[in-house]
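Structure, as structure tokens:
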Amino acid sequence: MQFCEECGSLMHTEGDTWVCRSCENEELRDSQAESAMATQEGQQNDGAPAVADATQDATETVQETCPADDCDSDRADSEIMPKPGGSYEVRLFTCVECGHKWRES
């Protein structure tokens with residue numbers, strides 16, 4: 001990558017010459033300087049970066065009565081999940097005592 005010394009625009013190559021598209025300034029290419037521009041020295045490929053899962057550990061315990069007939073718990077783990085294909089979210093509950101699952105209606 002080379003910038004024009006006259007106007008500061010990005011230059012492109014034409015054969016052995018750098019040419020500015022803005023002011024038509026020309027400069028000879030320097031192979032030694034260009035090899036320094038395209039170095040990978042000191043770089044390492046660690047593969048793809050890890051992506052955080054926004055839904056992981058996104059639950060919180062809330063006061064919510066369990067609708068199961070044989071449970072009298074008033075606490076549930078709550079999490080908000082995006083509705084597939086929809087533009088809104090659904091709140092899901094899991095009873096902390098019996099494990100019954102339901103969604104907010």
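Chain labels A, B, ... are given in the sequence in which chains occur in the structure tokens; within each chain residues are numbered consecutively from 1, and ligands are likewise numbered from 1 in the order shown.
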Just want the 8 Å neighbourhood of Thr65 (chain A), counted on only C-alpha atoms, with same-chain residues fewer than 4 positions away dropped. Output as a PDB file with N, CA and C atoms, in the first residue's frame.
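The resulting file, around-v1.pdb, is reproduced below:
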ATOM      1  N   ASP A  72     -45.618 -26.865  45.121  1.00  0.00           N
ATOM      2  CA  ASP A  72     -46.055 -25.601  45.721  1.00  0.00           C
ATOM      3  C   ASP A  72     -44.913 -24.573  45.774  1.00  0.00           C
ATOM      4  N   SER A  73     -43.924 -24.752  44.914  1.00  0.00           N
ATOM      5  CA  SER A  73     -42.775 -23.842  44.888  1.00  0.00           C
ATOM      6  C   SER A  73     -43.180 -22.477  44.331  1.00  0.00           C
ATOM      7  N   ASP A  74     -42.535 -21.444  44.838  1.00  0.00           N
ATOM      8  CA  ASP A  74     -42.781 -20.099  44.310  1.00  0.00           C
ATOM      9  C   ASP A  74     -41.498 -19.487  43.731  1.00  0.00           C
ATOM     10  N   ARG A  75     -40.535 -20.364  43.378  1.00  0.00           N
ATOM     11  CA  ARG A  75     -39.301 -19.884  42.757  1.00  0.00           C
ATOM     12  C   ARG A  75     -39.020 -20.661  41.483  1.00  0.00           C
ATOM     13  N   ALA A  76     -38.530 -19.937  40.470  1.00  0.00           N
ATOM     14  CA  ALA A  76     -38.212 -20.569  39.195  1.00  0.00           C
ATOM     15  C   ALA A  76     -37.018 -19.862  38.564  1.00  0.00           C
TER      16      ALA A  76
END
| message | If DSSP is run on the backbone, what residues of chain A are strand (DSSP E or B)? A reply as number ranges by chain would be ideal. | response | A: 3, 10-14, 17-20, 26-28, 60-63, 75-82, 89-95, 101-103
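Each of A:Glu5, A:Glu60, A:Asp69, A:Glu79 was compared to Cys23 (chain A) using only C-alpha atoms, and A:Glu5 turns out to be the nearest.
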| Hey, what does DSSP flag as helix (DSSP H, G or I) within chain A? Can you give it to me as JSON, numbers by chain? | {"A": [31, 32, 33, 34, 35, 36, 37]}
Keeping N, CA and C atoms, export the residues of the selection given above as a CSV table (one decimal), in the first residue's frame.
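New file result_13.csv:
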chain,number,residue,atom,x,y,z
A,31,SER,N,10.9,-2.5,-4.7
A,31,SER,CA,10.6,-3.9,-4.3
A,31,SER,C,11.0,-4.2,-2.8
A,32,GLN,N,12.1,-3.6,-2.4
A,32,GLN,CA,12.5,-3.8,-1.0
A,32,GLN,C,11.5,-3.2,0.0
A,33,ALA,N,11.0,-2.0,-0.3
A,33,ALA,CA,10.0,-1.3,0.5
A,33,ALA,C,8.7,-2.1,0.5
A,34,GLU,N,8.3,-2.6,-0.7
A,34,GLU,CA,7.1,-3.4,-0.8
A,34,GLU,C,7.1,-4.7,-0.1
A,35,SER,N,8.3,-5.3,0.0
A,35,SER,CA,8.4,-6.6,0.7
A,35,SER,C,8.2,-6.4,2.2
A,36,ALA,N,8.6,-5.2,2.7
A,36,ALA,CA,8.4,-4.8,4.1
A,36,ALA,C,7.0,-4.6,4.4
A,37,MET,N,6.2,-4.1,3.4
A,37,MET,CA,4.8,-3.8,3.6
A,37,MET,C,4.0,-5.1,3.8
| What is the distance between CA of Pro84 (chain A) and CA of Glu64 (chain A), in Å to one decimal? | 24.7 Å
| said: When you count only C-alpha atoms, which of these residues is closest to Asp30 (chain A): A:Asn45, A:Ser9, A:Gln2, A:Ser87? | reply: A:Gln2
| query | Which distance in Å separates CA of Val96 (chain A) and CA of Ile80 (chain A), to one decimal? | reply | 16.5 Å
Using only C-alpha atoms, what does the table of region 54-82 of chain A residues within 8 Å of region 98-101 of chain A look like, with each row giving the shortest atom pair and its distance in Å to one decimal, sorted by chain and ascending number, as a Markdown table?
| residue | atom | partner | partner_atom | distance |
| --- | --- | --- | --- | --- |
| A:Cys66 | CA | A:His100 | CA | 7.5 |
| A:Ala68 | CA | A:His100 | CA | 6.8 |
| A:Cys71 | CA | A:Cys98 | CA | 6.9 |
